[in-house]
>>> print(open('protein-v1.pdb').read())   # PDB, C-alpha atoms
ATOM      1  CA  MET H   1       0.000   0.000   0.000
ATOM      2  CA  ASN H   2       2.981   2.307  -0.462
ATOM      3  CA  PHE H   3       1.228   3.765  -3.478
ATOM      4  CA  ILE H   4      -1.422   5.443  -1.348
ATOM      5  CA  LYS H   5       0.950   6.308   1.479
ATOM      6  CA  ASN H   6       2.463   9.440   0.114
ATOM      7  CA  TYR H   7       2.951  12.841   1.639
ATOM      8  CA  GLN H   8      -0.295  14.488   0.582
ATOM      9  CA  PHE H   9      -2.516  11.576   1.611
ATOM     10  CA  ASN H  10      -0.840  11.261   4.997
ATOM     11  CA  LEU H  11      -1.146  14.984   5.632
ATOM     12  CA  VAL H  12      -4.852  14.985   4.770
ATOM     13  CA  ARG H  13      -5.521  11.832   6.817
ATOM     14  CA  LYS H  14      -3.700  13.029   9.936
ATOM     15  CA  SER H  15      -5.237  16.483   9.810
ATOM     16  CA  GLN H  16      -8.725  14.900   9.619
ATOM     17  CA  LYS H  17      -8.260  13.308  13.053
ATOM     18  CA  ILE H  18      -6.849  16.494  14.578
ATOM     19  CA  VAL H  19      -9.671  18.623  13.132
ATOM     20  CA  LEU H  20     -12.340  16.119  14.303
ATOM     21  CA  GLY H  21     -10.938  16.199  17.857
ATOM     22  CA  LEU H  22     -10.710  20.000  17.880
ATOM     23  CA  PHE H  23     -14.229  20.322  16.446
ATOM     24  CA  LEU H  24     -15.742  18.116  19.177
ATOM     25  CA  ILE H  25     -13.975  20.047  21.960
ATOM     26  CA  VAL H  26     -14.943  23.477  20.587
ATOM     27  CA  LEU H  27     -18.525  22.315  19.874
ATOM     28  CA  MET H  28     -19.011  21.063  23.462
ATOM     29  CA  LEU H  29     -17.678  24.348  24.805
ATOM     30  CA  GLY H  30     -19.868  26.325  22.379
ATOM     31  CA  LEU H  31     -23.021  24.356  23.265
ATOM     32  CA  PHE H  32     -22.411  24.910  26.988
ATOM     33  CA  GLU H  33     -21.875  28.628  26.437
ATOM     34  CA  ALA H  34     -24.870  28.971  24.092
ATOM     35  CA  LEU H  35     -27.420  26.926  26.032
ATOM     36  CA  VAL H  36     -26.361  27.456  29.644
ATOM     37  CA  LEU H  37     -24.038  30.412  30.251
ATOM     38  CA  SER H  38     -25.219  33.057  27.778
ATOM     39  CA  PRO H  39     -28.003  35.369  28.994
ATOM     40  CA  GLU H  40     -31.459  35.673  27.472
ATOM     41  CA  ASP H  41     -32.286  38.718  25.353
ATOM     42  CA  TYR H  42     -34.303  41.533  26.950
ATOM     43  CA  LEU H  43     -36.708  41.508  23.994
ATOM     44  CA  GLN H  44     -36.572  38.031  22.445
ATOM     45  CA  GLY H  45     -36.055  36.056  25.652
ATOM     46  CA  ASP H  46     -34.465  32.621  25.341
ATOM     47  CA  SER H  47     -35.375  32.337  21.636
ATOM     48  CA  VAL H  48     -32.235  34.414  20.958
ATOM     49  CA  ARG H  49     -30.191  31.232  21.580
ATOM     50  CA  ILE H  50     -31.173  30.092  18.055
ATOM     51  CA  MET H  51     -28.781  32.811  16.898
ATOM     52  CA  TYR H  52     -25.843  30.613  17.982
ATOM     53  CA  VAL H  53     -26.594  28.076  15.245
ATOM     54  CA  HIS H  54     -28.361  30.316  12.722
ATOM     55  CA  VAL H  55     -25.780  33.111  12.357
ATOM     56  CA  PRO H  56     -22.586  30.968  12.128
ATOM     57  CA  SER H  57     -24.321  28.721   9.538
ATOM     58  CA  ALA H  58     -25.274  31.742   7.427
ATOM     59  CA  TRP H  59     -21.773  33.260   7.684
ATOM     60  CA  ILE H  60     -20.033  30.033   6.729
ATOM     61  CA  SER H  61     -22.376  29.230   3.840
ATOM     62  CA  LEU H  62     -21.751  32.741   2.421
ATOM     63  CA  GLY H  63     -17.989  32.398   2.956
ATOM     64  CA  ILE H  64     -17.797  28.987   1.307
ATOM     65  CA  PHE H  65     -19.764  30.103  -1.746
ATOM     66  CA  SER H  66     -17.567  33.196  -2.130
ATOM     67  CA  LEU H  67     -14.499  30.952  -1.961
ATOM     68  CA  MET H  68     -16.009  28.563  -4.522
ATOM     69  CA  ALA H  69     -16.681  31.489  -6.869
ATOM     70  CA  ALA H  70     -13.105  32.773  -6.438
ATOM     71  CA  LEU H  71     -11.729  29.286  -7.134
ATOM     72  CA  SER H  72     -13.969  28.985 -10.204
ATOM     73  CA  ILE H  73     -12.584  32.253 -11.561
ATOM     74  CA  MET H  74      -9.065  30.946 -10.945
ATOM     75  CA  VAL H  75      -9.936  27.704 -12.780
ATOM     76  CA  ILE H  76     -10.851  29.792 -15.823
ATOM     77  CA  ILE H  77      -7.884  32.187 -15.602
ATOM     78  CA  PHE H  78      -5.031  29.899 -14.531
ATOM     79  CA  LYS H  79      -6.406  26.583 -15.850
ATOM     80  CA  ASN H  80      -5.200  25.012 -12.609
ATOM     81  CA  LYS H  81      -6.864  21.644 -12.141
ATOM     82  CA  LEU H  82      -6.602  21.624  -8.364
ATOM     83  CA  PHE H  83      -8.858  24.658  -7.890
ATOM     84  CA  PHE H  84     -12.003  22.858  -8.997
ATOM     85  CA  LEU H  85     -11.165  19.867  -6.791
ATOM     86  CA  VAL H  86     -11.055  22.242  -3.807
ATOM     87  CA  ALA H  87     -14.279  24.004  -4.910
ATOM     88  CA  LYS H  88     -16.047  20.669  -5.421
ATOM     89  CA  SER H  89     -14.935  19.456  -1.978
ATOM     90  CA  LEU H  90     -16.210  22.640  -0.313
ATOM     91  CA  ALA H  91     -19.715  22.517  -1.818
ATOM     92  CA  PRO H  92     -21.420  19.813   0.349
ATOM     93  CA  SER H  93     -20.699  21.533   3.676
ATOM     94  CA  GLY H  94     -21.680  24.914   2.186
ATOM     95  CA  PHE H  95     -25.013  23.462   1.075
ATOM     96  CA  VAL H  96     -25.717  21.941   4.488
ATOM     97  CA  PHE H  97     -24.860  25.225   6.235
ATOM     98  CA  SER H  98     -27.194  27.196   3.946
ATOM     99  CA  LEU H  99     -29.944  24.656   4.705
ATOM    100  CA  ILE H 100     -29.314  24.956   8.462
ATOM    101  CA  ALA H 101     -29.431  28.768   8.205
ATOM    102  CA  LEU H 102     -32.779  28.592   6.376
ATOM    103  CA  VAL H 103     -34.415  26.031   8.667
ATOM    104  CA  THR H 104     -33.196  27.532  11.963
ATOM    105  CA  GLY H 105     -34.137  30.994  10.658
ATOM    106  CA  SER H 106     -37.610  29.687   9.930
ATOM    107  CA  ILE H 107     -37.877  28.184  13.443
ATOM    108  CA  TRP H 108     -36.650  31.485  14.942
ATOM    109  CA  GLY H 109     -39.194  33.396  12.851
ATOM    110  CA  LYS H 110     -42.186  31.692  14.490
ATOM    111  CA  PRO H 111     -41.713  33.056  18.066
ATOM    112  CA  THR H 112     -40.300  36.443  16.948
ATOM    113  CA  TRP H 113     -42.318  37.333  13.821
ATOM    114  CA  GLY H 114     -45.258  34.983  14.316
ATOM    115  CA  THR H 115     -44.633  33.170  11.033
ATOM    116  CA  TRP H 116     -42.458  30.285   9.825
ATOM    117  CA  TRP H 117     -41.746  31.944   6.478
ATOM    118  CA  ALA H 118     -41.914  35.324   4.762
ATOM    119  CA  TRP H 119     -40.868  36.256   1.209
ATOM    120  CA  ASP H 120     -38.591  38.880   2.656
ATOM    121  CA  ALA H 121     -35.447  40.032   0.782
ATOM    122  CA  ARG H 122     -32.897  38.406   3.143
ATOM    123  CA  ILE H 123     -34.742  35.078   3.434
ATOM    124  CA  THR H 124     -35.508  34.840  -0.287
ATOM    125  CA  SER H 125     -31.922  35.661  -1.309
ATOM    126  CA  MET H 126     -30.693  33.042   1.193
ATOM    127  CA  LEU H 127     -33.067  30.499  -0.393
ATOM    128  CA  ILE H 128     -31.587  31.397  -3.800
ATOM    129  CA  LEU H 129     -28.090  30.705  -2.412
ATOM    130  CA  CYS H 130     -29.263  27.290  -1.210
ATOM    131  CA  ILE H 131     -30.680  26.589  -4.713
ATOM    132  CA  PHE H 132     -27.337  27.593  -6.292
ATOM    133  CA  TYR H 133     -25.515  25.169  -3.996
ATOM    134  CA  LEU H 134     -27.974  22.457  -5.007
ATOM    135  CA  MET H 135     -27.536  23.265  -8.720
ATOM    136  CA  TYR H 136     -23.745  23.110  -8.311
ATOM    137  CA  LEU H 137     -23.899  19.689  -6.621
ATOM    138  CA  ILE H 138     -26.452  18.306  -9.096
ATOM    139  CA  ALA H 139     -24.367  19.576 -12.051
ATOM    140  CA  TRP H 140     -21.348  17.634 -10.747
ATOM    141  CA  ARG H 141     -23.480  14.509 -10.335
ATOM    142  CA  ILE H 142     -25.078  14.732 -13.792
ATOM    143  CA  PHE H 143     -22.096  15.881 -15.875
ATOM    144  CA  GLU H 144     -19.188  14.309 -13.936
ATOM    145  CA  SER H 145     -18.080  12.207 -16.900
ATOM    146  CA  LYS H 146     -18.435  15.027 -19.436
ATOM    147  CA  ASP H 147     -15.618  17.287 -20.628
ATOM    148  CA  TYR H 148     -17.534  20.477 -19.915
ATOM    149  CA  VAL H 149     -18.367  19.727 -16.264
ATOM    150  CA  THR H 150     -15.906  22.330 -14.921
ATOM    151  CA  LYS H 151     -17.278  24.985 -17.280
ATOM    152  CA  ILE H 152     -20.849  24.387 -16.107
ATOM    153  CA  THR H 153     -20.012  24.236 -12.386
ATOM    154  CA  SER H 154     -17.723  27.288 -12.600
ATOM    155  CA  PHE H 155     -20.491  29.202 -14.391
ATOM    156  CA  ILE H 156     -22.992  28.277 -11.649
ATOM    157  CA  ALA H 157     -20.566  29.381  -8.899
ATOM    158  CA  ILE H 158     -19.727  32.699 -10.585
ATOM    159  CA  LEU H 159     -23.376  33.446 -11.426
ATOM    160  CA  GLY H 160     -24.418  32.560  -7.873
ATOM    161  CA  PHE H 161     -21.798  34.934  -6.463
ATOM    162  CA  ILE H 162     -23.878  37.889  -7.715
ATOM    163  CA  ASN H 163     -26.349  36.897  -4.999
ATOM    164  CA  ILE H 164     -23.790  37.202  -2.148
ATOM    165  CA  PRO H 165     -23.764  41.046  -1.875
ATOM    166  CA  ILE H 166     -27.550  40.979  -2.286
ATOM    167  CA  ILE H 167     -27.806  38.716   0.794
ATOM    168  CA  LYS H 168     -25.364  40.868   2.747
ATOM    169  CA  PHE H 169     -26.956  44.246   1.977
ATOM    170  CA  SER H 170     -30.605  43.164   1.547
ATOM    171  CA  VAL H 171     -31.420  44.332   5.090
ATOM    172  CA  ASP H 172     -30.035  47.801   4.278
ATOM    173  CA  TRP H 173     -31.412  48.154   0.754
ATOM    174  CA  TRP H 174     -34.973  47.028   1.455
ATOM    175  CA  SER H 175     -37.374  47.213   4.351
ATOM    176  CA  THR H 176     -37.284  43.659   5.655
ATOM    177  CA  LEU H 177     -38.573  41.621   8.575
ATOM    178  CA  HIS H 178     -35.015  40.454   9.141
ATOM    179  CA  GLN H 179     -33.010  42.576  11.567
ATOM    180  CA  PRO H 180     -29.871  44.433  10.359
ATOM    181  CA  SER H 181     -26.393  43.068  11.150
ATOM    182  CA  SER H 182     -25.425  43.161  14.823
ATOM    183  CA  VAL H 183     -21.816  42.113  14.265
ATOM    184  CA  ASN H 184     -19.865  44.489  12.019
ATOM    185  CA  ILE H 185     -16.214  44.646  11.045
ATOM    186  CA  PHE H 186     -16.072  48.272   9.910
ATOM    187  CA  SER H 187     -18.660  49.801  12.241
ATOM    188  CA  GLU H 188     -19.704  49.349  15.853
ATOM    189  CA  THR H 189     -20.877  45.897  16.928
ATOM    190  CA  THR H 190     -24.217  46.152  18.698
ATOM    191  CA  ILE H 191     -24.118  42.799  20.436
ATOM    192  CA  HIS H 192     -23.041  42.357  24.075
ATOM    193  CA  THR H 193     -19.812  40.474  24.868
ATOM    194  CA  THR H 194     -21.737  37.809  26.822
ATOM    195  CA  MET H 195     -23.453  36.888  23.550
ATOM    196  CA  LEU H 196     -20.519  37.615  21.269
ATOM    197  CA  ILE H 197     -18.282  35.029  22.999
ATOM    198  CA  PRO H 198     -20.611  32.007  22.494
ATOM    199  CA  LEU H 199     -21.296  33.257  18.959
ATOM    200  CA  GLY H 200     -17.558  33.309  18.262
ATOM    201  CA  ILE H 201     -17.034  29.839  19.757
ATOM    202  CA  MET H 202     -19.923  28.336  17.766
ATOM    203  CA  THR H 203     -18.593  29.988  14.584
ATOM    204  CA  ALA H 204     -15.184  28.421  15.262
ATOM    205  CA  ALA H 205     -16.832  25.003  15.816
ATOM    206  CA  PHE H 206     -18.821  25.276  12.571
ATOM    207  CA  ALA H 207     -15.733  26.395  10.655
ATOM    208  CA  LEU H 208     -13.845  23.371  11.989
ATOM    209  CA  PHE H 209     -16.698  21.106  10.898
ATOM    210  CA  SER H 210     -16.654  22.517   7.367
ATOM    211  CA  LEU H 211     -12.867  22.039   7.323
ATOM    212  CA  LEU H 212     -13.304  18.422   8.431
ATOM    213  CA  ILE H 213     -15.859  17.678   5.689
ATOM    214  CA  PHE H 214     -13.669  19.463   3.153
ATOM    215  CA  LEU H 215     -10.635  17.323   4.078
ATOM    216  CA  MET H 216     -12.690  14.120   3.854
ATOM    217  CA  LYS H 217     -14.197  15.092   0.485
ATOM    218  CA  TYR H 218     -10.830  16.206  -0.869
ATOM    219  CA  ASN H 219      -9.302  12.898   0.201
ATOM    220  CA  THR H 220     -12.178  11.051  -1.525
ATOM    221  CA  GLU H 221     -11.547  13.001  -4.738
ATOM    222  CA  LEU H 222      -7.816  12.205  -4.621
ATOM    223  CA  ILE H 223      -8.521   8.479  -4.167
ATOM    224  CA  LYS H 224     -11.024   8.634  -7.074
ATOM    225  CA  ILE H 225      -8.219  10.008  -9.244
ATOM    226  CA  LYS H 226      -5.881   7.296  -7.967
ATOM    227  CA  ASN H 227      -8.491   4.696  -8.939
ATOM    228  CA  LYS H 228      -8.671   6.170 -12.442
ATOM    229  CA  GLY H 229      -4.878   5.933 -12.563
ATOM    230  CA  LEU H 230      -5.046   2.236 -11.680
ATOM    231  CA  ASP H 231      -7.635   1.673 -14.427
ATOM    232  CA  ARG H 232      -5.111   2.970 -16.950
ATOM    233  CA  LEU H 233      -2.475   0.368 -16.034
TER     234      LEU H 233
ATOM    235  CA  MET Y   1     -32.918  23.470  37.184
ATOM    236  CA  ILE Y   2     -32.864  20.837  34.414
ATOM    237  CA  SER Y   3     -36.526  21.385  33.485
ATOM    238  CA  GLU Y   4     -35.908  25.154  33.392
ATOM    239  CA  LEU Y   5     -32.997  24.555  31.049
ATOM    240  CA  PHE Y   6     -35.232  22.615  28.653
ATOM    241  CA  TYR Y   7     -38.309  24.834  29.078
ATOM    242  CA  MET Y   8     -36.450  28.133  28.461
ATOM    243  CA  ASN Y   9     -39.478  30.243  29.382
ATOM    244  CA  GLY Y  10     -41.569  28.571  26.713
ATOM    245  CA  TYR Y  11     -38.975  28.819  23.926
ATOM    246  CA  GLY Y  12     -37.365  25.425  24.614
ATOM    247  CA  TYR Y  13     -39.223  23.731  21.756
ATOM    248  CA  TYR Y  14     -37.888  26.269  19.210
ATOM    249  CA  VAL Y  15     -34.356  26.489  20.593
ATOM    250  CA  LEU Y  16     -33.777  22.771  21.111
ATOM    251  CA  SER Y  17     -35.327  21.802  17.761
ATOM    252  CA  SER Y  18     -32.938  24.262  16.037
ATOM    253  CA  PHE Y  19     -29.905  22.800  17.804
ATOM    254  CA  LEU Y  20     -31.132  19.245  17.201
ATOM    255  CA  PHE Y  21     -31.677  19.911  13.482
ATOM    256  CA  THR Y  22     -28.148  21.344  13.233
ATOM    257  CA  LEU Y  23     -26.568  18.353  14.985
ATOM    258  CA  VAL Y  24     -28.575  15.867  12.874
ATOM    259  CA  CYS Y  25     -27.401  17.656   9.699
ATOM    260  CA  PHE Y  26     -23.791  17.503  10.937
ATOM    261  CA  LEU Y  27     -24.063  13.821  11.758
ATOM    262  CA  GLY Y  28     -25.777  13.035   8.446
ATOM    263  CA  LEU Y  29     -23.186  14.899   6.374
ATOM    264  CA  TYR Y  30     -20.323  13.314   8.326
ATOM    265  CA  ILE Y  31     -21.719   9.775   7.844
ATOM    266  CA  ILE Y  32     -22.405  10.281   4.108
ATOM    267  CA  THR Y  33     -18.910  11.728   3.543
ATOM    268  CA  LYS Y  34     -17.297   8.931   5.585
ATOM    269  CA  ILE Y  35     -19.203   6.255   3.600
ATOM    270  CA  GLN Y  36     -18.084   7.803   0.283
ATOM    271  CA  LEU Y  37     -14.474   7.952   1.488
ATOM    272  CA  THR Y  38     -14.509   4.343   2.737
ATOM    273  CA  LYS Y  39     -16.148   3.185  -0.517
ATOM    274  CA  GLU Y  40     -13.408   4.785  -2.633
ATOM    275  CA  GLN Y  41     -10.685   3.425  -0.318
ATOM    276  CA  ASN Y  42     -12.137  -0.099  -0.579
ATOM    277  CA  LYS Y  43     -12.397   0.242  -4.366
ATOM    278  CA  PHE Y  44      -8.745   1.255  -4.424
ATOM    279  CA  ASN Y  45      -7.721  -1.680  -2.213
ATOM    280  CA  VAL Y  46      -9.553  -4.158  -4.471
ATOM    281  CA  LYS Y  47      -8.059  -2.675  -7.672
ATOM    282  CA  PHE Y  48      -4.578  -2.543  -6.189
ATOM    283  CA  GLY Y  49      -4.885  -6.136  -4.944
ATOM    284  CA  GLU Y  50      -5.721  -7.339  -8.469
ATOM    285  CA  LEU Y  51      -2.534  -5.893 -10.001
ATOM    286  CA  ASN Y  52       0.338  -8.149 -11.005
ATOM    287  CA  SER Y  53       3.891  -7.399  -9.820
ATOM    288  CA  GLU Y  54       4.758  -5.339 -12.915
ATOM    289  CA  GLN Y  55       1.612  -3.259 -12.641
ATOM    290  CA  VAL Y  56       2.332  -2.696  -8.949
ATOM    291  CA  LYS Y  57       5.747  -1.304  -9.895
ATOM    292  CA  GLU Y  58       4.114   0.972 -12.465
ATOM    293  CA  ALA Y  59       1.458   2.061  -9.982
ATOM    294  CA  LYS Y  60       4.096   2.958  -7.405
ATOM    295  CA  LYS Y  61       5.759   5.219  -9.940
ATOM    296  CA  GLN Y  62       2.566   7.254 -10.441
ATOM    297  CA  LYS Y  63       2.796  10.579  -8.646
ATOM    298  CA  ILE Y  64      -0.726  11.075  -7.358
ATOM    299  CA  TYR Y  65      -2.908  13.208  -9.548
ATOM    300  CA  LYS Y  66      -0.276  15.305 -11.254
ATOM    301  CA  GLU Y  67       0.406  12.732 -13.927
ATOM    302  CA  ILE Y  68      -2.981  11.046 -13.883
ATOM    303  CA  ILE Y  69      -5.084  14.170 -14.033
ATOM    304  CA  ALA Y  70      -3.066  15.553 -16.927
ATOM    305  CA  THR Y  71      -4.612  12.969 -19.214
ATOM    306  CA  GLU Y  72      -8.040  13.073 -17.624
ATOM    307  CA  ILE Y  73     -11.037  14.981 -18.905
ATOM    308  CA  TYR Y  74     -10.194  17.866 -16.582
ATOM    309  CA  SER Y  75      -7.195  18.821 -18.690
ATOM    310  CA  LYS Y  76      -9.554  19.902 -21.438
ATOM    311  CA  ILE Y  77     -10.766  22.978 -19.559
TER     312      ILE Y  77
END
>>> encode(input="protein-v1.pdb", output="structure tokens")
Amino acid sequence: MNFIKNYQFNLVRKSQKIVLGLFLIVLMLGLFEALVLSPEDYLQGDSVRIMYVHVPSAWISLGIFSLMAALSIMVIIFKNKLFFLVAKSLAPSGFVFSLIALVTGSIWGKPTWGTWWAWDARITSMLILCIFYLMYLIAWRIFESKDYVTKITSFIAILGFINIPIIKFSVDWWSTLHQPSSVNIFSETTIHTTMLIPLGIMTAAFALFSLLIFLMKYNTELIKIKNKGLDRL
Amino acid sequence: MISELFYMNGYGYYVLSSFLFTLVCFLGLYIITKIQLTKEQNKFNVKFGELNSEQVKEAKKQKIYKEIIATEIYSKI
């Protein structure tokens, strides 16, 4: 089995175990902070705790899609074959995070807005992102054996990227049910530290999970290529 | 104390179902990805086991994807 035991495989395999261990530790800490230690909101009460799964999921799904779009552009410009392998390996976790953001947002909407769903700008644009993820994954499944698969998937990722600023600024551009951003990089953050800490820990846990899935998917793709190499012998 | 933690002033149903849905999604994605990885690894083991000594030598010379991918469909981007 020396063939499979090379540097890149070993690195990916070892890092999977480290990331899984780290993820479990950070997740346990995050869950304790989010469900037990963090205070309830003066307006929303304990329902605010949904934020600790909803917001990190939304952030990570947006981040992953942006990265996929950037990688797709690089595939076209540099013709580097590794970029689409990375983009393809990122897509499943991005899809699941967008789904979590939609479902938990819907659950949060019931006690705060009195409805499970509203065709509001933020929610609708988030649904469109989820559909783009789904289209990307389906395109890989349908056209995997075709020559033009990378063209189609790159086109979907780049087209879907147009939606990312719409999601981000939808709460500023339109009057929406969804509240504006509470955590800002360039302006003042309007969320208290007692809530910001669990939010940060849960975001770290979710990021580690997406890294874990990415490493596993990337490893799967490398072995697939190895298998194709063996078929050629 | 425990019942208060689950009740959450009447929001327990919403909060816990959100967390549960998230954890189920995580577990589902992890299991699916693990199955796919194991399936490909097993496929590799079977294929590698069927090679004769000369093919094994050839296979060992292959440098992961760099050489293989160059002649795959992906090179036609």
>>> atom_distance(input="protein-v1.pdb", atom1="atom CA of Ile201 of chain H", atom2="atom CA of Gly12 of chain Y")
21.4 Å
>>> resolve_selection(input="protein-v1.pdb", expression="the PyMOL selection byres ((chain H and resi 106) around 9)", output="list of chain:residue names")
H:Ala101, H:Leu102, H:Val103, H:Thr104, H:Gly105, H:Ile107, H:Trp108, H:Gly109, H:Lys110, H:Thr115, H:Trp116, H:Trp117, H:Ala118, H:Ile123
>>> resolve_selection(input="protein-v1.pdb", expression="the PyMOL selection byres ((chain H and resi 67) around 10)", output="PyMOL selection string")
chain H and resi 61-66+68-73+86-87+90-91+157+161
>>> residues_around(input="protein-v1.pdb", residues="segment 176-181 of chain H", least_positions_apart="5", cutoff="12 Å", atoms="all atoms listed in the file", output="PyMOL selection string")
chain H and resi 51+55+58-59+105-106+108-109+112-115+117-126+167-171+186-191
>>> atom_distance(input="protein-v1.pdb", atom1="atom CA of Tyr14 of chain Y", atom2="atom CA of Ile197 of chain H")
21.8 Å
>>> atom_distance(input="protein-v1.pdb", atom1="atom CA of Leu196 of chain H", atom2="atom CA of Tyr52 of chain H")
9.4 Å
>>> resolve_selection(input="protein-v1.pdb", expression="the PyMOL selection byres ((chain Y and resi 24-36) around 7)", output="CSV table (one decimal) with C-alpha atoms, in the frame of the given file")
chain,number,residue,atom,x,y,z
H,96,VAL,CA,-25.7,21.9,4.5
H,213,ILE,CA,-15.9,17.7,5.7
H,216,MET,CA,-12.7,14.1,3.9
H,217,LYS,CA,-14.2,15.1,0.5
H,220,THR,CA,-12.2,11.1,-1.5
Y,20,LEU,CA,-31.1,19.2,17.2
Y,21,PHE,CA,-31.7,19.9,13.5
Y,22,THR,CA,-28.1,21.3,13.2
Y,23,LEU,CA,-26.6,18.4,15.0
Y,37,LEU,CA,-14.5,8.0,1.5
Y,38,THR,CA,-14.5,4.3,2.7
Y,39,LYS,CA,-16.1,3.2,-0.5
Y,40,GLU,CA,-13.4,4.8,-2.6
>>> residues_around(input="protein-v1.pdb", residues="Met8 of chain Y", least_positions_apart="3", cutoff="12 Å", atoms="only C-alpha atoms", output="list of chain:residue names")
H:Leu35, H:Val36, H:Pro39, H:Glu40, H:Asp41, H:Gln44, H:Gly45, H:Asp46, H:Ser47, H:Val48, H:Arg49, H:Ile50, Y:Met1, Y:Ile2, Y:Ser3, Y:Glu4, Y:Leu5, Y:Tyr11, Y:Gly12, Y:Tyr13, Y:Tyr14, Y:Val15, Y:Leu16
>>> residues_around(input="protein-v1.pdb", residues="Glu58 of chain Y", least_positions_apart="5", cutoff="10 Å", atoms="only C-alpha atoms", output="PDB file with C-alpha atoms, keeping the file's coordinate frame")
ATOM      1  CA  PHE H   3       1.228   3.765  -3.478  1.00  0.00           C
ATOM      2  CA  LEU H 230      -5.046   2.236 -11.680  1.00  0.00           C
ATOM      3  CA  LEU H 233      -2.475   0.368 -16.034  1.00  0.00           C
TER       4      LEU H 233
ATOM      5  CA  LEU Y  51      -2.534  -5.893 -10.001  1.00  0.00           C
ATOM      6  CA  ASN Y  52       0.338  -8.149 -11.005  1.00  0.00           C
ATOM      7  CA  SER Y  53       3.891  -7.399  -9.820  1.00  0.00           C
TER       8      SER Y  53
END
>>> residues_around(input="protein-v1.pdb", residues="Ser210 of chain H", least_positions_apart="6", cutoff="9 Å", atoms="all atoms listed in the file", output="list in words")
Ile60, Ile64, Leu90, Pro92, Ser93, Gly94 and Phe97 of chain H
>>> build_atoms(input="protein-v1.pdb", residues="segment 107-122 of chain H", atoms="N, CA and C atoms", output="CSV table (one decimal), in the coordinates of the input")
chain,number,residue,atom,x,y,z
H,107,ILE,N,-37.4,28.5,12.1
H,107,ILE,CA,-37.9,28.2,13.4
H,107,ILE,C,-37.8,29.4,14.3
H,108,TRP,N,-36.8,30.2,14.2
H,108,TRP,CA,-36.6,31.5,14.9
H,108,TRP,C,-37.7,32.5,14.6
H,109,GLY,N,-38.2,32.5,13.3
H,109,GLY,CA,-39.2,33.4,12.9
H,109,GLY,C,-40.5,33.2,13.5
H,110,LYS,N,-40.9,32.0,13.9
H,110,LYS,CA,-42.2,31.7,14.5
H,110,LYS,C,-42.4,32.4,15.8
H,111,PRO,N,-41.5,32.3,16.8
H,111,PRO,CA,-41.7,33.1,18.1
H,111,PRO,C,-41.5,34.6,18.0
H,112,THR,N,-40.6,35.0,17.0
H,112,THR,CA,-40.3,36.4,16.9
H,112,THR,C,-41.2,37.2,16.0
H,113,TRP,N,-41.5,36.6,14.8
H,113,TRP,CA,-42.3,37.3,13.8
H,113,TRP,C,-43.7,36.8,13.8
H,114,GLY,N,-43.9,35.6,14.3
H,114,GLY,CA,-45.3,35.0,14.3
H,114,GLY,C,-45.5,34.2,13.0
H,115,THR,N,-44.5,34.0,12.3
H,115,THR,CA,-44.6,33.2,11.0
H,115,THR,C,-43.4,32.3,10.8
H,116,TRP,N,-43.6,31.2,10.1
H,116,TRP,CA,-42.5,30.3,9.8
H,116,TRP,C,-41.7,30.8,8.6
H,117,TRP,N,-42.4,31.5,7.7
H,117,TRP,CA,-41.7,31.9,6.5
H,117,TRP,C,-42.3,33.3,6.0
H,118,ALA,N,-41.5,34.1,5.4
H,118,ALA,CA,-41.9,35.3,4.8
H,118,ALA,C,-41.1,35.5,3.5
H,119,TRP,N,-41.6,36.0,2.4
H,119,TRP,CA,-40.9,36.3,1.2
H,119,TRP,C,-40.2,37.6,1.3
H,120,ASP,N,-39.3,37.7,2.3
H,120,ASP,CA,-38.6,38.9,2.7
H,120,ASP,C,-37.3,38.8,1.9
H,121,ALA,N,-36.6,40.0,1.6
H,121,ALA,CA,-35.4,40.0,0.8
H,121,ALA,C,-34.3,39.1,1.3
H,122,ARG,N,-34.0,39.2,2.6
H,122,ARG,CA,-32.9,38.4,3.1
H,122,ARG,C,-33.2,36.9,3.0
